[in-house]
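J.: target11.pdb (PDB, C-alpha atoms) pasted underneath:
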```pdb
ATOM      1  CA  MET C   1      -8.914 -26.879   3.669
ATOM      2  CA  ALA C   2     -11.029 -23.954   2.487
ATOM      3  CA  ALA C   3      -9.245 -20.638   2.498
ATOM      4  CA  SER C   4     -11.667 -19.016   4.950
ATOM      5  CA  LYS C   5     -11.239 -21.870   7.419
ATOM      6  CA  LEU C   6      -7.475 -21.785   6.972
ATOM      7  CA  ILE C   7      -7.308 -18.116   7.946
ATOM      8  CA  HIS C   8      -9.182 -18.725  11.183
ATOM      9  CA  THR C   9      -6.990 -21.707  12.143
ATOM     10  CA  LEU C  10      -3.584 -20.156  11.438
ATOM     11  CA  PRO C  11      -1.266 -19.531  14.404
ATOM     12  CA  GLY C  12      -1.537 -16.043  15.836
ATOM     13  CA  GLN C  13       1.970 -15.127  14.688
ATOM     14  CA  MET C  14       1.272 -16.083  11.086
ATOM     15  CA  GLY C  15      -0.457 -12.904  10.034
ATOM     16  CA  LEU C  16      -3.536 -10.716  10.121
ATOM     17  CA  PRO C  17      -6.724 -11.369   8.124
ATOM     18  CA  LEU C  18      -7.552  -8.810   5.448
ATOM     19  CA  GLU C  19     -11.267  -8.792   4.748
ATOM     20  CA  MET C  20     -12.403  -5.473   3.257
ATOM     21  CA  PRO C  21     -11.931  -4.214  -0.328
ATOM     22  CA  ARG C  22     -10.813  -0.780   0.877
ATOM     23  CA  GLU C  23      -8.123  -2.364   3.069
ATOM     24  CA  HIS C  24      -6.746  -4.200   0.047
ATOM     25  CA  TYR C  25      -6.707  -1.011  -2.000
ATOM     26  CA  ASP C  26      -5.021   1.028   0.728
ATOM     27  CA  LEU C  27      -2.373  -1.624   1.294
ATOM     28  CA  LEU C  28      -1.525  -1.952  -2.397
ATOM     29  CA  HIS C  29      -1.771   1.735  -3.320
ATOM     30  CA  HIS C  30      -0.275   3.234  -0.182
ATOM     31  CA  GLU C  31       0.927   6.790  -0.870
ATOM     32  CA  GLN C  32      -0.735   6.625  -4.282
ATOM     33  CA  ARG C  33       0.964   8.620  -7.021
ATOM     34  CA  GLY C  34      -0.754   7.615 -10.251
ATOM     35  CA  VAL C  35      -4.032   6.188 -11.497
ATOM     36  CA  ALA C  36      -5.227   2.777 -10.284
ATOM     37  CA  ILE C  37      -7.621   0.966 -12.615
ATOM     38  CA  TYR C  38     -10.742  -0.645 -11.123
ATOM     39  CA  TRP C  39     -12.710  -3.166 -13.186
ATOM     40  CA  SER C  40     -16.240  -4.359 -12.421
ATOM     41  CA  ALA C  41     -16.511  -7.160 -14.970
ATOM     42  CA  LEU C  42     -20.288  -7.653 -14.662
ATOM     43  CA  ALA C  43     -21.383  -4.012 -14.552
ATOM     44  CA  LYS C  44     -24.153  -3.388 -17.094
ATOM     45  CA  ASN C  45     -23.323   0.289 -17.484
ATOM     46  CA  PRO C  46     -20.055   0.630 -19.492
ATOM     47  CA  LYS C  47     -19.222   3.798 -17.541
ATOM     48  CA  GLU C  48     -19.227   1.765 -14.328
ATOM     49  CA  ARG C  49     -17.181  -1.108 -15.755
ATOM     50  CA  TRP C  50     -13.803   0.618 -15.943
ATOM     51  CA  ILE C  51     -13.001   3.315 -13.385
ATOM     52  CA  LYS C  52      -9.800   5.342 -13.113
ATOM     53  CA  LEU C  53      -8.973   6.177  -9.502
ATOM     54  CA  LYS C  54      -6.650   9.128  -8.962
ATOM     55  CA  PRO C  55      -4.939   9.878  -5.629
ATOM     56  CA  GLY C  56      -7.534  11.121  -3.164
ATOM     57  CA  ASP C  57     -10.446  10.345  -5.486
ATOM     58  CA  PRO C  58     -13.616  11.104  -3.457
ATOM     59  CA  ARG C  59     -15.335   8.050  -4.989
ATOM     60  CA  ILE C  60     -12.931   5.589  -3.348
ATOM     61  CA  PRO C  61     -14.752   5.032  -0.007
ATOM     62  CA  ASP C  62     -18.180   4.442  -1.564
ATOM     63  CA  LEU C  63     -16.810   2.418  -4.474
ATOM     64  CA  PHE C  64     -15.042  -0.123  -2.300
ATOM     65  CA  ARG C  65     -17.844  -0.207   0.252
ATOM     66  CA  ALA C  66     -20.192  -1.140  -2.591
ATOM     67  CA  SER C  67     -17.746  -3.823  -3.761
ATOM     68  CA  GLU C  68     -18.136  -5.958  -0.639
ATOM     69  CA  ASN C  69     -19.363  -9.475  -1.498
ATOM     70  CA  LYS C  70     -19.859  -8.509  -5.148
ATOM     71  CA  GLU C  71     -18.806 -10.743  -8.046
ATOM     72  CA  ASP C  72     -15.762 -10.234 -10.271
ATOM     73  CA  ARG C  73     -14.141  -7.010  -9.080
ATOM     74  CA  PHE C  74     -10.503  -6.320  -9.963
ATOM     75  CA  ILE C  75      -7.837  -3.701  -9.298
ATOM     76  CA  SER C  76      -4.554  -2.957 -11.050
ATOM     77  CA  VAL C  77      -1.434  -4.009  -9.186
ATOM     78  CA  ASN C  78       0.454  -0.932 -10.389
ATOM     79  CA  GLU C  79      -0.356   2.681 -11.283
ATOM     80  CA  PHE C  80      -0.462   4.572 -14.575
ATOM     81  CA  TYR C  81      -0.795   7.971 -16.216
ATOM     82  CA  GLY C  82      -4.382   7.578 -17.338
ATOM     83  CA  TRP C  83      -4.624   3.994 -18.629
ATOM     84  CA  ARG C  84      -2.868   0.664 -18.162
ATOM     85  CA  TYR C  85      -0.358   0.854 -20.972
ATOM     86  CA  ILE C  86       3.289   0.055 -20.413
ATOM     87  CA  ARG C  87       4.213   3.401 -21.936
ATOM     88  CA  LEU C  88       1.958   5.120 -19.361
ATOM     89  CA  LEU C  89       3.345   3.292 -16.332
ATOM     90  CA  SER C  90       3.549   5.691 -13.398
ATOM     91  CA  SER C  91       4.463   3.676 -10.319
ATOM     92  CA  LEU C  92       5.331   0.046  -9.580
ATOM     93  CA  ARG C  93       3.670  -1.040  -6.346
ATOM     94  CA  ALA C  94       4.243  -4.786  -5.988
ATOM     95  CA  ASN C  95       5.491  -7.975  -7.547
ATOM     96  CA  TYR C  96       2.938 -10.774  -7.653
ATOM     97  CA  VAL C  97       2.450 -14.430  -8.561
ATOM     98  CA  ASP C  98      -0.885 -15.931  -9.594
ATOM     99  CA  MET C  99      -1.129 -19.642  -8.703
ATOM    100  CA  ASP C 100      -3.961 -21.367 -10.562
ATOM    101  CA  ASP C 101      -5.856 -24.202  -8.890
ATOM    102  CA  HIS C 102      -3.584 -24.166  -5.854
ATOM    103  CA  GLU C 103      -4.666 -23.027  -2.383
ATOM    104  CA  ASP C 104      -2.038 -24.614  -0.123
ATOM    105  CA  MET C 105      -0.198 -21.600   1.234
ATOM    106  CA  TYR C 106       2.201 -23.676   3.303
ATOM    107  CA  GLU C 107       3.410 -25.688   0.316
ATOM    108  CA  ALA C 108       4.042 -22.506  -1.671
ATOM    109  CA  LEU C 109       5.868 -20.898   1.269
ATOM    110  CA  ASP C 110       8.011 -24.031   1.647
ATOM    111  CA  ARG C 111       8.884 -23.824  -2.049
ATOM    112  CA  LEU C 112      10.086 -20.238  -1.560
ATOM    113  CA  ALA C 113      12.026 -21.161   1.571
ATOM    114  CA  ASP C 114      13.753 -24.072  -0.190
ATOM    115  CA  ALA C 115      14.817 -21.669  -2.952
ATOM    116  CA  ARG C 116      15.980 -19.137  -0.326
ATOM    117  CA  MET C 117      13.464 -16.626  -1.592
ATOM    118  CA  PRO C 118      11.668 -14.043   0.575
ATOM    119  CA  GLY C 119       8.132 -14.813   1.643
ATOM    120  CA  PRO C 120       5.237 -12.708   0.341
ATOM    121  CA  SER C 121       3.766  -9.691   2.083
ATOM    122  CA  LEU C 122       0.206 -10.737   1.326
ATOM    123  CA  VAL C 123      -1.625 -13.873   0.226
ATOM    124  CA  VAL C 124      -5.067 -13.676  -1.405
ATOM    125  CA  TRP C 125      -7.263 -16.723  -2.038
ATOM    126  CA  SER C 126      -8.894 -15.870  -5.344
ATOM    127  CA  GLY C 127     -11.602 -18.542  -5.383
ATOM    128  CA  THR C 128      -9.682 -20.685  -7.884
ATOM    129  CA  GLY C 129      -6.166 -20.375  -6.481
ATOM    130  CA  MET C 130      -3.889 -17.914  -4.706
ATOM    131  CA  HIS C 131      -2.179 -14.605  -5.352
ATOM    132  CA  PHE C 132       1.088 -13.786  -3.603
ATOM    133  CA  TYR C 133       2.089 -10.119  -3.376
ATOM    134  CA  TRP C 134       5.460  -8.661  -2.446
ATOM    135  CA  LEU C 135       4.823  -5.018  -1.553
ATOM    136  CA  LEU C 136       7.349  -2.476  -2.828
ATOM    137  CA  GLU C 137       8.238   1.065  -2.010
ATOM    138  CA  PRO C 138       6.727   3.128  -4.871
ATOM    139  CA  LEU C 139       9.099   2.792  -7.833
ATOM    140  CA  PRO C 140       9.324   4.909 -11.008
ATOM    141  CA  PRO C 141       8.823   3.439 -14.515
ATOM    142  CA  LYS C 142      12.560   3.193 -15.208
ATOM    143  CA  CYS C 143      12.682   0.346 -12.690
ATOM    144  CA  LEU C 144      10.517  -1.853 -14.951
ATOM    145  CA  PRO C 145      13.401  -3.954 -16.389
ATOM    146  CA  VAL C 146      14.548  -5.063 -12.932
ATOM    147  CA  TRP C 147      10.941  -5.481 -11.760
ATOM    148  CA  GLN C 148      10.345  -7.801 -14.726
ATOM    149  CA  ARG C 149      13.431  -9.899 -13.984
ATOM    150  CA  ILE C 150      12.256 -10.298 -10.396
ATOM    151  CA  GLN C 151       8.783 -11.216 -11.626
ATOM    152  CA  ASP C 152      10.182 -13.906 -13.938
ATOM    153  CA  LYS C 153      12.298 -15.394 -11.149
ATOM    154  CA  LEU C 154       9.420 -15.569  -8.653
ATOM    155  CA  ILE C 155       7.157 -17.249 -11.207
ATOM    156  CA  ALA C 156       9.840 -19.776 -12.138
ATOM    157  CA  THR C 157      10.358 -20.625  -8.466
ATOM    158  CA  LEU C 158       6.639 -21.196  -7.854
ATOM    159  CA  LYS C 159       5.901 -22.903 -11.184
ATOM    160  CA  PRO C 160       5.767 -26.371  -9.520
ATOM    161  CA  VAL C 161       2.855 -25.167  -7.358
ATOM    162  CA  GLY C 162       0.822 -23.687 -10.194
ATOM    163  CA  ALA C 163       2.333 -20.261 -10.891
ATOM    164  CA  ASP C 164       0.789 -18.857 -14.073
ATOM    165  CA  ALA C 165       3.648 -18.041 -16.459
ATOM    166  CA  ALA C 166       1.370 -15.749 -18.495
ATOM    167  CA  ALA C 167       0.525 -13.555 -15.479
ATOM    168  CA  LYS C 168       3.739 -11.568 -15.385
ATOM    169  CA  ASP C 169       2.979  -8.151 -16.883
ATOM    170  CA  CYS C 170       2.969  -4.828 -15.046
ATOM    171  CA  THR C 171      -0.509  -4.003 -16.439
ATOM    172  CA  ARG C 172      -2.197  -6.937 -14.680
ATOM    173  CA  LEU C 173      -5.486  -6.699 -12.763
ATOM    174  CA  LEU C 174      -6.108  -9.023  -9.816
ATOM    175  CA  ARG C 175      -9.196  -9.775  -7.763
ATOM    176  CA  VAL C 176     -10.151  -7.445  -4.944
ATOM    177  CA  VAL C 177     -10.194  -8.852  -1.415
ATOM    178  CA  GLY C 178     -13.681  -9.020   0.113
ATOM    179  CA  THR C 179     -15.382  -9.687  -3.227
ATOM    180  CA  ARG C 180     -16.495 -13.005  -4.730
ATOM    181  CA  ASN C 181     -15.515 -15.330  -7.551
ATOM    182  CA  LYS C 182     -18.382 -17.580  -8.689
ATOM    183  CA  GLY C 183     -19.869 -17.309  -5.223
ATOM    184  CA  GLN C 184     -16.598 -18.059  -3.431
ATOM    185  CA  GLU C 185     -15.300 -15.399  -1.064
ATOM    186  CA  VAL C 186     -11.921 -13.783  -1.754
ATOM    187  CA  PRO C 187     -10.174 -13.523   1.639
ATOM    188  CA  ALA C 188      -6.581 -12.556   2.360
ATOM    189  CA  LEU C 189      -3.880 -12.682   4.985
ATOM    190  CA  VAL C 190      -1.183 -10.076   5.615
ATOM    191  CA  LEU C 191       1.980 -12.039   6.375
ATOM    192  CA  ASP C 192       4.391  -9.120   6.508
ATOM    193  CA  GLY C 193       3.689  -5.407   6.217
ATOM    194  CA  HIS C 194       7.261  -4.687   5.115
ATOM    195  CA  ARG C 195       7.674  -2.786   1.841
ATOM    196  CA  TRP C 196      10.770  -3.751  -0.094
ATOM    197  CA  SER C 197      13.176  -1.301  -1.657
ATOM    198  CA  LEU C 198      14.240  -2.389  -5.123
ATOM    199  CA  ARG C 199      17.810  -2.852  -3.985
ATOM    200  CA  GLN C 200      16.812  -5.165  -1.132
ATOM    201  CA  PHE C 201      14.378  -7.197  -3.149
ATOM    202  CA  ALA C 202      16.623  -7.587  -6.201
ATOM    203  CA  PHE C 203      19.406  -8.869  -3.957
ATOM    204  CA  GLU C 204      17.109 -11.386  -2.272
ATOM    205  CA  VAL C 205      15.547 -12.675  -5.499
ATOM    206  CA  LEU C 206      18.208 -12.221  -8.188
ATOM    207  CA  GLY C 207      21.379 -12.249  -6.134
ATOM    208  CA  ARG C 208      21.194 -15.995  -5.571
ATOM    209  CA  ASP C 209      20.234 -17.203  -9.023
ATOM    210  CA  GLY C 210      23.319 -19.390  -9.347
ATOM    211  CA  GLN C 211      24.305 -17.884 -12.686
ATOM    212  CA  GLY C 212      27.374 -16.016 -11.552
ATOM    213  CA  GLN C 213      25.614 -12.738 -10.978
ATOM    214  CA  LYS C 214      27.199 -10.768  -8.167
ATOM    215  CA  PRO C 215      24.761  -9.268  -5.648
ATOM    216  CA  GLY C 216      26.573  -5.940  -5.920
ATOM    217  CA  GLN C 217      25.539  -5.622  -9.562
ATOM    218  CA  ILE C 218      21.953  -4.919  -8.539
ATOM    219  CA  ARG C 219      21.861  -1.290  -7.500
ATOM    220  CA  ASP C 220      19.174   0.978  -6.191
ATOM    221  CA  ILE C 221      17.917   2.694  -9.347
ATOM    222  CA  ARG C 222      15.319   4.711  -7.498
ATOM    223  CA  THR C 223      17.884   7.485  -7.111
ATOM    224  CA  ARG C 224      17.662  10.269  -9.671
ATOM    225  CA  ARG C 225      20.115   9.732 -12.495
ATOM    226  CA  LYS C 226      20.387  11.051 -16.027
ATOM    227  CA  SER C 227      21.508   7.686 -17.390
ATOM    228  CA  PRO C 228      20.219   4.163 -16.617
ATOM    229  CA  ASP C 229      22.047   1.958 -14.140
ATOM    230  CA  LYS C 230      24.768  -0.179 -15.757
ATOM    231  CA  ALA C 231      23.232  -3.356 -14.393
ATOM    232  CA  ILE C 232      19.986  -2.518 -16.150
ATOM    233  CA  GLN C 233      21.623  -1.400 -19.377
ATOM    234  CA  GLY C 234      22.838  -4.933 -19.956
ATOM    235  CA  SER C 235      19.472  -6.665 -19.609
ATOM    236  CA  ILE C 236      17.377  -7.775 -22.564
ATOM    237  CA  TYR C 237      14.318  -6.141 -20.997
ATOM    238  CA  ALA C 238      16.062  -2.770 -20.854
ATOM    239  CA  ARG C 239      17.204  -2.961 -24.483
ATOM    240  CA  TRP C 240      13.736  -3.676 -25.862
ATOM    241  CA  HIS C 241      12.145  -1.156 -23.522
ATOM    242  CA  LEU C 242      14.412   1.515 -25.030
ATOM    243  CA  VAL C 243      13.586   0.304 -28.543
ATOM    244  CA  TYR C 244       9.891   0.621 -27.752
ATOM    245  CA  GLN C 245      10.330   4.133 -26.375
ATOM    246  CA  ASP C 246      12.216   5.128 -29.552
ATOM    247  CA  LEU C 247       9.405   3.741 -31.705
ATOM    248  CA  LEU C 248       6.861   5.803 -29.762
ATOM    249  CA  THR C 249       9.000   8.892 -30.277
ATOM    250  CA  ILE C 250       9.042   8.257 -34.033
ATOM    251  CA  SER C 251       5.270   7.767 -34.049
ATOM    252  CA  ASN C 252       4.690  10.986 -32.115
ATOM    253  CA  HIS C 253       6.963  12.874 -34.512
ATOM    254  CA  TYR C 254       4.635  11.954 -37.387
ATOM    255  CA  GLY C 255       1.484  12.719 -35.414
ATOM    256  CA  ASN C 256       0.847   9.001 -34.782
ATOM    257  CA  ARG C 257       0.630   8.397 -38.548
ATOM    258  CA  ILE C 258       3.655   6.444 -39.739
ATOM    259  CA  PRO C 259       4.455   7.215 -43.423
ATOM    260  CA  GLU C 260       3.444   4.638 -45.997
ATOM    261  CA  GLY C 261       6.095   2.061 -46.670
ATOM    262  CA  TYR C 262       7.241   2.045 -43.045
ATOM    263  CA  ARG C 263       4.080   1.039 -41.189
ATOM    264  CA  ASP C 264       4.620  -2.725 -41.407
ATOM    265  CA  LYS C 265       8.191  -2.373 -40.188
ATOM    266  CA  TRP C 266       7.084  -0.123 -37.313
ATOM    267  CA  LEU C 267       4.340  -2.550 -36.234
ATOM    268  CA  PHE C 268       6.694  -5.516 -36.467
ATOM    269  CA  LEU C 269       9.369  -3.870 -34.337
ATOM    270  CA  ALA C 270       6.795  -2.595 -31.810
ATOM    271  CA  GLY C 271       5.319  -6.080 -31.502
ATOM    272  CA  VAL C 272       8.735  -7.666 -30.968
ATOM    273  CA  ALA C 273       9.622  -5.034 -28.368
ATOM    274  CA  LEU C 274       6.393  -5.493 -26.421
ATOM    275  CA  THR C 275       6.583  -9.290 -26.394
ATOM    276  CA  SER C 276      10.198  -9.042 -25.221
ATOM    277  CA  ILE C 277       9.491  -6.851 -22.186
ATOM    278  CA  ALA C 278       6.136  -8.283 -21.108
ATOM    279  CA  THR C 279       3.818 -11.203 -21.695
ATOM    280  CA  ARG C 280       1.962 -12.230 -24.800
ATOM    281  CA  ALA C 281      -1.144 -10.615 -23.248
ATOM    282  CA  THR C 282       0.397  -7.160 -23.068
ATOM    283  CA  PRO C 283       0.262  -6.271 -26.789
ATOM    284  CA  GLU C 284      -3.496  -6.803 -26.485
ATOM    285  CA  ASN C 285      -3.570  -4.273 -23.661
ATOM    286  CA  GLU C 286      -1.667  -1.801 -25.823
ATOM    287  CA  ARG C 287      -4.339  -2.051 -28.528
ATOM    288  CA  GLU C 288      -7.163  -1.634 -25.989
ATOM    289  CA  TRP C 289      -8.302  -5.242 -26.284
ATOM    290  CA  GLU C 290      -9.554  -5.017 -22.736
ATOM    291  CA  GLY C 291     -10.389  -7.765 -20.330
ATOM    292  CA  VAL C 292      -7.018  -9.327 -19.496
ATOM    293  CA  ALA C 293      -7.174 -10.183 -15.803
ATOM    294  CA  ALA C 294      -6.055 -13.024 -13.656
ATOM    295  CA  ASP C 295      -8.424 -15.231 -11.719
TER     296      ASP C 295
END
```
As structure tokens, please, write out the structure in this file.
T.:
Amino acid sequence: MAASKLIHTLPGQMGLPLEMPREHYDLLHHEQRGVAIYWSALAKNPKERWIKLKPGDPRIPDLFRASENKEDRFISVNEFYGWRYIRLLSSLRANYVDMDDHEDMYEALDRLADARMPGPSLVVWSGTGMHFYWLLEPLPPKCLPVWQRIQDKLIATLKPVGADAAAKDCTRLLRVVGTRNKGQEVPALVLDGHRWSLRQFAFEVLGRDGQGQKPGQIRDIRTRRKSPDKAIQGSIYARWHLVYQDLLTISNHYGNRIPEGYRDKWLFLAGVALTSIATRATPENEREWEGVAAD
């Protein structure tokens, strides 16, 4: 069944249709704190192709009004300090799963239910598949290691229904609701307006992984602390994230010009760190090889 027809035949209690680009933006970037990146892939003018949207940007109403029924428009899932680099991450807004070539929402929801996983807040039919979003209370960058573990678990759970294992990075762009993909509309349905705290969501997703992890080990790291949470300190994501931050500190110390004889080692370690905390697409983002976006 086509996505648009499915929305209009769903039971009344199932959810509310989301049809406008601005509604999608407001839902995802509620109480915006950083910069959201908007990408118009087909814009002829380079200045109109990539747009940085700050909180309260006066261009937002007109930009998203002009996006209605337009082809290939994307928005960043999360927020940044200027550009979509991991090192410039400002605020985590949602976890997501991109399911390629799969539009059966009920089958995907059944897969989550069988795994005792929480259902998504929002489902978007992208024209070639579906995007599931789990909306979060705005989280600071230090929450990235736990966010990434949650992301990995959700993707693994939905892999049998087409979850894209490469679409797991915090810098990802996804299609804007109310736009089009090769002529196909991009509609959406709000299933639950609840925004998860990290503590709640980590318990629901990671607390039942069957690997002996106690739910109490996942703590709310949104509170202000001088040192990382012990549960996060032990994760592989956290270790390599710290390594990457140290490498950036070294680079900044030398004015972004690593001394000769050490450049290859620095690049090697930075590459290993990035591929350990994100996807293979992320190092491309870090070098401004733009254009990584999910369909």
J.: Compare C:Ser90, C:Pro21, C:Pro58, C:Gly119 by their minimum atom-to-atom distance to Glu107 (chain C), counting all atoms listed in the file, and give me the closest one.
T.: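 Smallest distance to Glu107 (chain C) is found for C:Gly119.
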J.: Compile the contact shell of Ala43 (chain C) as a PDB file with C-alpha atoms, in the frame of the given file: residues with an atom at most 12 Å away, counting all atoms listed in the file, same-chain residues fewer than 3 positions apart removed.
T.:
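Full text of result-v9.pdb as output:
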```
ATOM      1  CA  TYR C  38     -10.742  -0.645 -11.123  1.00  0.00           C
ATOM      2  CA  TRP C  39     -12.710  -3.166 -13.186  1.00  0.00           C
ATOM      3  CA  SER C  40     -16.240  -4.359 -12.421  1.00  0.00           C
ATOM      4  CA  PRO C  46     -20.055   0.630 -19.492  1.00  0.00           C
ATOM      5  CA  LYS C  47     -19.222   3.798 -17.541  1.00  0.00           C
ATOM      6  CA  GLU C  48     -19.227   1.765 -14.328  1.00  0.00           C
ATOM      7  CA  ARG C  49     -17.181  -1.108 -15.755  1.00  0.00           C
ATOM      8  CA  TRP C  50     -13.803   0.618 -15.943  1.00  0.00           C
ATOM      9  CA  ILE C  51     -13.001   3.315 -13.385  1.00  0.00           C
ATOM     10  CA  SER C  67     -17.746  -3.823  -3.761  1.00  0.00           C
ATOM     11  CA  LYS C  70     -19.859  -8.509  -5.148  1.00  0.00           C
ATOM     12  CA  GLU C  71     -18.806 -10.743  -8.046  1.00  0.00           C
ATOM     13  CA  ASP C  72     -15.762 -10.234 -10.271  1.00  0.00           C
ATOM     14  CA  ARG C  73     -14.141  -7.010  -9.080  1.00  0.00           C
TER      15      ARG C  73
END
```
J.: Step by step: start from the point (-9.7, -13.7, -3.5) in the file's coordinates, keep every protein, DNA or RNA residue that has an atom no farther than 10 Å from it, count only C-alpha atoms, and write the set as a count of residues only.
T.: 28
J.: Take CA of Leu92 (chain C) and CA of Ala202 (chain C) and report the distance between them in Å, one decimal.
T.: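 CA of Ala202 (chain C) lies at a distance of 14.0 Å from CA of Leu92 (chain C).
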J.: Rank nothing, just name the residue among C:Leu139, C:Leu173, C:Val190, C:Met99 nearest to His24 (chain C), using all atoms listed in the file.
T.: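 Among C:Leu139, C:Leu173, C:Val190, C:Met99, it is C:Val190 that comes nearest to His24 (chain C).
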J.: Nearest to Gln148 (chain C) among C:Tyr25, C:Trp266, C:Tyr96, C:Tyr106, with distances taken over only C-alpha atoms: which residue is it?
T.: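 Residue with the minimum atom-to-atom distance to Gln148 (chain C): C:Tyr96.
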J.: With distances taken over all atoms listed in the file, which of C:Pro145, C:Pro120, C:Pro61, C:Gly162 is nearest to Arg195 (chain C)?
T.: C:Pro120
J.: In Å to one decimal, how far is CA of Leu16 (chain C) from CA of Asp114 (chain C)?
T.: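 So the answer is 24.2 Å.
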J.: Would you mind reading off the distance between CA of Pro141 (chain C) and CA of Lys54 (chain C), one decimal, in Å?
T.: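 That distance, rounded to one decimal, is 17.4 Å.
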J.: Write out as a list in words the residues lying within 8 Å of region 33-37 of chain C, counting all atoms listed in the file and excluding same-chain residues fewer than 3 positions away.
T.: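 Once the nearby chain positions are removed, what remains is His29, Trp50, Ile51, Lys52, Leu53, Lys54, Pro55, Ile75, Ser76, Val77, Asn78, Glu79, Phe80, Tyr81, Gly82, Trp83, Arg84, Ser90, Ser91 and Leu173 of chain C.
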J.: Using all atoms listed in the file, can you tell me which of C:Gln200, C:Asn45, C:Asn69, C:Asn256 comes closest to Pro118 (chain C)?
T.: C:Gln200
J.: Can you tell me which residues surround Trp134 (chain C) at a distance of at most 6 Å, considering all atoms listed in the file, apart from same-chain residues fewer than 5 positions away, and format the answer as a short mmCIF file (atom, residue, chain, number, x, y, z; two decimals) with C-alpha atoms, keeping the file's coordinate frame?
T.:
```cif
data_model
loop_
_atom_site.label_atom_id
_atom_site.label_comp_id
_atom_site.auth_asym_id
_atom_site.auth_seq_id
_atom_site.Cartn_x
_atom_site.Cartn_y
_atom_site.Cartn_z
CA ALA C 94 4.24 -4.79 -5.99
CA ASN C 95 5.49 -7.98 -7.55
CA PRO C 120 5.24 -12.71 0.34
CA SER C 121 3.77 -9.69 2.08
#
```
